[in-house]
Amino acid sequence: MLLVLVVVLGVWGFAELADEVIEGDTRAVDEWIIRAMRTPGNPSDAVGPMWFEGTVRDVTALGSAAVITIVLVAVIGFVAIRRQYHALGLIIVSVAGGGLINLLLKHFFARPRPDLVEPLMRETSASFPSGHSLLSAVVYLTLGALLTRLVQPKRLKLYIITTALFLSFIVGLSRVYLGVHYPTDVLAGWTVGLVWAVVCWLVAARLQKRGWVEEANDAE
């Protein structure tokens, strides 16, 4: 019931946020936050030392297509060897579906990238929602959900999910710091990613209860 509520509130929240973005009501706050991350009087210089800028670029890579692909290939190989085909299916459907949703939303809203500061890296796709934020939420939360089924203590389950949420959180923040996304792009990405990941969890759990997929712990 709690997860269903998360989905309902997430869909409603995204719809409200998207409406505000289309009407331009969020632009002032978006721009204020982006400017706050730049040196006053020098919009091309992000606040913080040079090493920090490099660290942020490393962090943002956690949501890049290259890193996510590497992680997924490694995990898919692992679950395939263990013959956990339900987990394999969940991963593929979750990530492929998340990627398709991201492309459709970007095409529909077609929001230009921020242009009020010099970005610290180049991006060419539409801005809303943030693909890095969306896909990192989908991938890390899906993998986190699978890991929670391999441990029993609740504190470990909580740790795994918290870590997955944290990874998506810092990826999203890095996108704003680098000047390639508005904060509302990132918030939308987090929301859609969370909703889609939860939907996939709910479907997998329902199929498992009906005996249409095997339990994870049954694999040798």
# chains A, B, ... in the order shown; residues from 1 in each chain; ligands from 1
call {"tool": "closest_atom_pairs", "arguments": {"of": "segment 65-180 of chain A", "to": "segment 29-34 of chain A", "cutoff": "12 Å", "atoms": "only C-alpha atoms", "output": "JSON lines"}}
result
{"residue": "A:Arg113", "atom": "CA", "partner": "A:Glu31", "partner_atom": "CA", "distance": 11.7}
{"residue": "A:Pro114", "atom": "CA", "partner": "A:Glu31", "partner_atom": "CA", "distance": 8.4}
{"residue": "A:Asp115", "atom": "CA", "partner": "A:Glu31", "partner_atom": "CA", "distance": 9.6}
{"residue": "A:Leu116", "atom": "CA", "partner": "A:Glu31", "partner_atom": "CA", "distance": 7.5}
{"residue": "A:Val117", "atom": "CA", "partner": "A:Ile34", "partner_atom": "CA", "distance": 7.8}
{"residue": "A:Glu118", "atom": "CA", "partner": "A:Ile34", "partner_atom": "CA", "distance": 10.6}
{"residue": "A:Pro119", "atom": "CA", "partner": "A:Ile34", "partner_atom": "CA", "distance": 10.4}
{"residue": "A:Leu173", "atom": "CA", "partner": "A:Ile34", "partner_atom": "CA", "distance": 10.6}
{"residue": "A:Ser174", "atom": "CA", "partner": "A:Ile34", "partner_atom": "CA", "distance": 11.2}
{"residue": "A:Arg175", "atom": "CA", "partner": "A:Ile34", "partner_atom": "CA", "distance": 10.2}
{"residue": "A:Val176", "atom": "CA", "partner": "A:Ile34", "partner_atom": "CA", "distance": 6.5}
{"residue": "A:Tyr177", "atom": "CA", "partner": "A:Ile34", "partner_atom": "CA", "distance": 7.0}
{"residue": "A:Leu178", "atom": "CA", "partner": "A:Ile34", "partner_atom": "CA", "distance": 8.9}
{"residue": "A:Gly179", "atom": "CA", "partner": "A:Ile34", "partner_atom": "CA", "distance": 6.7}
{"residue": "A:Val180", "atom": "CA", "partner": "A:Ile34", "partner_atom": "CA", "distance": 9.6}
call {"tool": "write_last_selection", "arguments": {"atoms": "C-alpha atoms", "output": "PDB file, in the first residue's frame"}}
result
ATOM      1  CA  ARG A 113      19.471  23.557 -21.629  1.00  0.00           C
ATOM      2  CA  PRO A 114      20.332  26.385 -19.191  1.00  0.00           C
ATOM      3  CA  ASP A 115      22.113  29.270 -20.920  1.00  0.00           C
ATOM      4  CA  LEU A 116      22.631  31.728 -18.074  1.00  0.00           C
ATOM      5  CA  VAL A 117      26.046  30.293 -17.081  1.00  0.00           C
ATOM      6  CA  GLU A 118      28.889  28.634 -18.942  1.00  0.00           C
ATOM      7  CA  PRO A 119      28.365  24.860 -18.567  1.00  0.00           C
ATOM      8  CA  LEU A 173      23.099  17.617  -7.721  1.00  0.00           C
ATOM      9  CA  SER A 174      26.159  17.277  -9.941  1.00  0.00           C
ATOM     10  CA  ARG A 175      24.058  18.080 -13.017  1.00  0.00           C
ATOM     11  CA  VAL A 176      22.979  21.416 -11.561  1.00  0.00           C
ATOM     12  CA  TYR A 177      26.497  22.249 -10.354  1.00  0.00           C
ATOM     13  CA  LEU A 178      27.883  21.597 -13.834  1.00  0.00           C
ATOM     14  CA  GLY A 179      25.304  23.970 -15.280  1.00  0.00           C
ATOM     15  CA  VAL A 180      23.762  21.452 -17.672  1.00  0.00           C
TER      16      VAL A 180
END
call {"tool": "select_by_dssp", "arguments": {"residues": "chain A", "states": "alpha helix (DSSP H)", "output": "VMD selection string"}}
result
chain A and resid 2 to 23 27 to 36 50 to 60 65 to 81 85 to 109 131 to 148 154 to 177 183 to 209
call {"tool": "closest_atom_pairs", "arguments": {"of": "segment 125-170 of chain A", "to": "segment 17-22 of chain A", "cutoff": "12 Å", "atoms": "only C-alpha atoms", "output": "CSV"}}
result
residue,atom,partner,partner_atom,distance
A:Ser127,CA,A:Val21,CA,11.5
A:Phe128,CA,A:Ala18,CA,8.8
A:Pro129,CA,A:Ala18,CA,9.2
call {"tool": "closest_residue", "arguments": {"among": "A:Val47, A:Val199, A:Ala205, A:Val171", "to": "Val8 of chain A", "atoms": "only C-alpha atoms"}}
result
A:Val199
call {"tool": "closest_residue", "arguments": {"among": "A:Leu135, A:Leu202, A:Tyr159, A:Leu147", "to": "Val67 of chain A", "atoms": "only C-alpha atoms"}}
result
A:Leu135
call {"tool": "residues_around", "arguments": {"residues": "segment 11-16 of chain A", "least_positions_apart": "6", "cutoff": "9 Å", "atoms": "only C-alpha atoms", "output": "ChimeraX atom specification"}}
result
/A:187-188,191-192,195
call {"tool": "decode", "arguments": {"residues": "segment 64-206 of chain A", "atoms": "C-alpha atoms", "output": "mmCIF file, in the first residue's frame"}}
result
data_model
loop_
_atom_site.group_PDB
_atom_site.id
_atom_site.type_symbol
_atom_site.label_atom_id
_atom_site.label_comp_id
_atom_site.auth_asym_id
_atom_site.auth_seq_id
_atom_site.Cartn_x
_atom_site.Cartn_y
_atom_site.Cartn_z
ATOM 1 C CA SER A 64 26.175 8.374 -17.601
ATOM 2 C CA ALA A 65 25.236 5.846 -20.252
ATOM 3 C CA ALA A 66 28.756 4.402 -20.250
ATOM 4 C CA VAL A 67 29.005 3.737 -16.508
ATOM 5 C CA ILE A 68 25.430 2.502 -16.222
ATOM 6 C CA THR A 69 25.991 0.134 -19.154
ATOM 7 C CA ILE A 70 29.129 -1.285 -17.521
ATOM 8 C CA VAL A 71 27.294 -1.799 -14.225
ATOM 9 C CA LEU A 72 24.327 -3.427 -15.953
ATOM 10 C CA VAL A 73 26.443 -5.783 -18.044
ATOM 11 C CA ALA A 74 28.261 -6.925 -14.905
ATOM 12 C CA VAL A 75 25.024 -7.449 -12.954
ATOM 13 C CA ILE A 76 23.235 -9.133 -15.862
ATOM 14 C CA GLY A 77 26.130 -11.557 -16.207
ATOM 15 C CA PHE A 78 25.959 -12.321 -12.485
ATOM 16 C CA VAL A 79 22.215 -13.037 -12.368
ATOM 17 C CA ALA A 80 22.369 -15.004 -15.622
ATOM 18 C CA ILE A 81 25.062 -17.294 -14.190
ATOM 19 C CA ARG A 82 22.884 -17.805 -11.104
ATOM 20 C CA ARG A 83 19.915 -18.485 -13.412
ATOM 21 C CA GLN A 84 17.830 -15.839 -11.682
ATOM 22 C CA TYR A 85 15.845 -15.138 -14.786
ATOM 23 C CA HIS A 86 13.138 -13.151 -13.001
ATOM 24 C CA ALA A 87 15.818 -10.732 -11.782
ATOM 25 C CA LEU A 88 17.291 -10.580 -15.279
ATOM 26 C CA GLY A 89 13.898 -9.724 -16.720
ATOM 27 C CA LEU A 90 13.239 -7.102 -14.056
ATOM 28 C CA ILE A 91 16.554 -5.382 -14.767
ATOM 29 C CA ILE A 92 16.066 -5.355 -18.532
ATOM 30 C CA VAL A 93 12.455 -4.152 -18.409
ATOM 31 C CA SER A 94 13.201 -1.563 -15.740
ATOM 32 C CA VAL A 95 16.190 -0.006 -17.477
ATOM 33 C CA ALA A 96 14.833 -0.250 -21.031
ATOM 34 C CA GLY A 97 11.505 1.170 -19.911
ATOM 35 C CA GLY A 98 13.198 3.962 -17.988
ATOM 36 C CA GLY A 99 15.303 4.858 -21.006
ATOM 37 C CA LEU A 100 12.261 4.936 -23.284
ATOM 38 C CA ILE A 101 10.298 7.099 -20.832
ATOM 39 C CA ASN A 102 13.234 9.484 -20.615
ATOM 40 C CA LEU A 103 13.437 9.847 -24.404
ATOM 41 C CA LEU A 104 9.688 10.373 -24.782
ATOM 42 C CA LEU A 105 9.532 13.010 -22.048
ATOM 43 C CA LYS A 106 12.538 14.898 -23.409
ATOM 44 C CA HIS A 107 10.984 14.891 -26.885
ATOM 45 C CA PHE A 108 7.610 16.023 -25.571
ATOM 46 C CA PHE A 109 8.813 18.899 -23.381
ATOM 47 C CA ALA A 110 11.847 19.845 -25.518
ATOM 48 C CA ARG A 111 13.149 22.232 -22.874
ATOM 49 C CA PRO A 112 16.422 23.955 -23.844
ATOM 50 C CA ARG A 113 19.471 23.557 -21.629
ATOM 51 C CA PRO A 114 20.332 26.385 -19.191
ATOM 52 C CA ASP A 115 22.113 29.270 -20.920
ATOM 53 C CA LEU A 116 22.631 31.728 -18.074
ATOM 54 C CA VAL A 117 26.046 30.293 -17.081
ATOM 55 C CA GLU A 118 28.889 28.634 -18.942
ATOM 56 C CA PRO A 119 28.365 24.860 -18.567
ATOM 57 C CA LEU A 120 31.319 22.840 -17.333
ATOM 58 C CA MET A 121 30.543 20.104 -19.845
ATOM 59 C CA ARG A 122 28.649 19.883 -23.126
ATOM 60 C CA GLU A 123 25.254 18.261 -23.598
ATOM 61 C CA THR A 124 23.079 18.240 -26.692
ATOM 62 C CA SER A 125 19.799 16.584 -25.663
ATOM 63 C CA ALA A 126 16.754 18.344 -24.229
ATOM 64 C CA SER A 127 16.889 19.395 -20.598
ATOM 65 C CA PHE A 128 13.615 18.195 -19.022
ATOM 66 C CA PRO A 129 13.760 15.776 -17.305
ATOM 67 C CA SER A 130 17.358 15.044 -16.363
ATOM 68 C CA GLY A 131 18.255 11.699 -17.933
ATOM 69 C CA HIS A 132 21.173 11.167 -15.549
ATOM 70 C CA SER A 133 18.876 11.651 -12.546
ATOM 71 C CA LEU A 134 16.110 9.489 -13.988
ATOM 72 C CA LEU A 135 18.282 6.567 -15.064
ATOM 73 C CA SER A 136 20.451 6.605 -11.948
ATOM 74 C CA ALA A 137 17.274 6.402 -9.844
ATOM 75 C CA VAL A 138 15.912 3.541 -11.944
ATOM 76 C CA VAL A 139 19.138 1.539 -12.098
ATOM 77 C CA TYR A 140 20.432 1.975 -8.557
ATOM 78 C CA LEU A 141 17.022 1.554 -6.931
ATOM 79 C CA THR A 142 16.265 -1.549 -8.998
ATOM 80 C CA LEU A 143 19.625 -3.096 -8.136
ATOM 81 C CA GLY A 144 19.148 -2.037 -4.531
ATOM 82 C CA ALA A 145 15.760 -3.750 -4.414
ATOM 83 C CA LEU A 146 17.314 -6.964 -5.722
ATOM 84 C CA LEU A 147 20.096 -6.806 -3.135
ATOM 85 C CA THR A 148 17.621 -6.343 -0.289
ATOM 86 C CA ARG A 149 16.178 -9.755 -1.141
ATOM 87 C CA LEU A 150 19.555 -11.350 -0.454
ATOM 88 C CA VAL A 151 19.865 -10.092 3.133
ATOM 89 C CA GLN A 152 17.599 -10.542 6.140
ATOM 90 C CA PRO A 153 18.377 -7.802 8.727
ATOM 91 C CA LYS A 154 16.209 -4.741 8.194
ATOM 92 C CA ARG A 155 19.114 -2.432 8.947
ATOM 93 C CA LEU A 156 20.990 -3.884 5.976
ATOM 94 C CA LYS A 157 17.972 -3.496 3.718
ATOM 95 C CA LEU A 158 17.637 0.114 4.848
ATOM 96 C CA TYR A 159 21.341 0.696 4.243
ATOM 97 C CA ILE A 160 21.129 -0.661 0.689
ATOM 98 C CA ILE A 161 18.109 1.429 -0.277
ATOM 99 C CA THR A 162 19.564 4.529 1.387
ATOM 100 C CA THR A 163 22.794 4.068 -0.554
ATOM 101 C CA ALA A 164 20.866 3.723 -3.830
ATOM 102 C CA LEU A 165 18.925 6.905 -3.084
ATOM 103 C CA PHE A 166 22.133 8.722 -2.136
ATOM 104 C CA LEU A 167 23.828 7.792 -5.408
ATOM 105 C CA SER A 168 20.921 9.141 -7.421
ATOM 106 C CA PHE A 169 20.830 12.243 -5.218
ATOM 107 C CA ILE A 170 24.471 13.208 -5.758
ATOM 108 C CA VAL A 171 24.243 12.499 -9.486
ATOM 109 C CA GLY A 172 21.319 14.919 -9.716
ATOM 110 C CA LEU A 173 23.099 17.617 -7.721
ATOM 111 C CA SER A 174 26.159 17.277 -9.941
ATOM 112 C CA ARG A 175 24.058 18.080 -13.017
ATOM 113 C CA VAL A 176 22.979 21.416 -11.561
ATOM 114 C CA TYR A 177 26.497 22.249 -10.354
ATOM 115 C CA LEU A 178 27.883 21.597 -13.834
ATOM 116 C CA GLY A 179 25.304 23.970 -15.280
ATOM 117 C CA VAL A 180 23.762 21.452 -17.672
ATOM 118 C CA HIS A 181 20.382 21.164 -15.946
ATOM 119 C CA TYR A 182 17.888 23.277 -14.088
ATOM 120 C CA PRO A 183 17.046 22.029 -10.569
ATOM 121 C CA THR A 184 13.500 21.257 -11.742
ATOM 122 C CA ASP A 185 14.941 19.005 -14.474
ATOM 123 C CA VAL A 186 16.701 17.004 -11.794
ATOM 124 C CA LEU A 187 13.675 16.915 -9.502
ATOM 125 C CA ALA A 188 11.565 15.635 -12.389
ATOM 126 C CA GLY A 189 14.166 12.989 -13.203
ATOM 127 C CA TRP A 190 14.258 11.766 -9.608
ATOM 128 C CA THR A 191 10.463 11.632 -9.451
ATOM 129 C CA VAL A 192 9.957 9.736 -12.704
ATOM 130 C CA GLY A 193 12.844 7.378 -11.946
ATOM 131 C CA LEU A 194 11.488 6.570 -8.499
ATOM 132 C CA VAL A 195 7.960 6.013 -9.785
ATOM 133 C CA TRP A 196 9.091 3.725 -12.600
ATOM 134 C CA ALA A 197 11.388 1.719 -10.299
ATOM 135 C CA VAL A 198 8.552 1.235 -7.790
ATOM 136 C CA VAL A 199 6.141 0.185 -10.547
ATOM 137 C CA CYS A 200 8.636 -2.451 -11.662
ATOM 138 C CA TRP A 201 9.032 -3.681 -8.063
ATOM 139 C CA LEU A 202 5.248 -3.958 -7.638
ATOM 140 C CA VAL A 203 4.784 -5.879 -10.893
ATOM 141 C CA ALA A 204 7.637 -8.259 -10.057
ATOM 142 C CA ALA A 205 6.235 -8.860 -6.564
ATOM 143 C CA ARG A 206 2.751 -9.566 -7.944
#
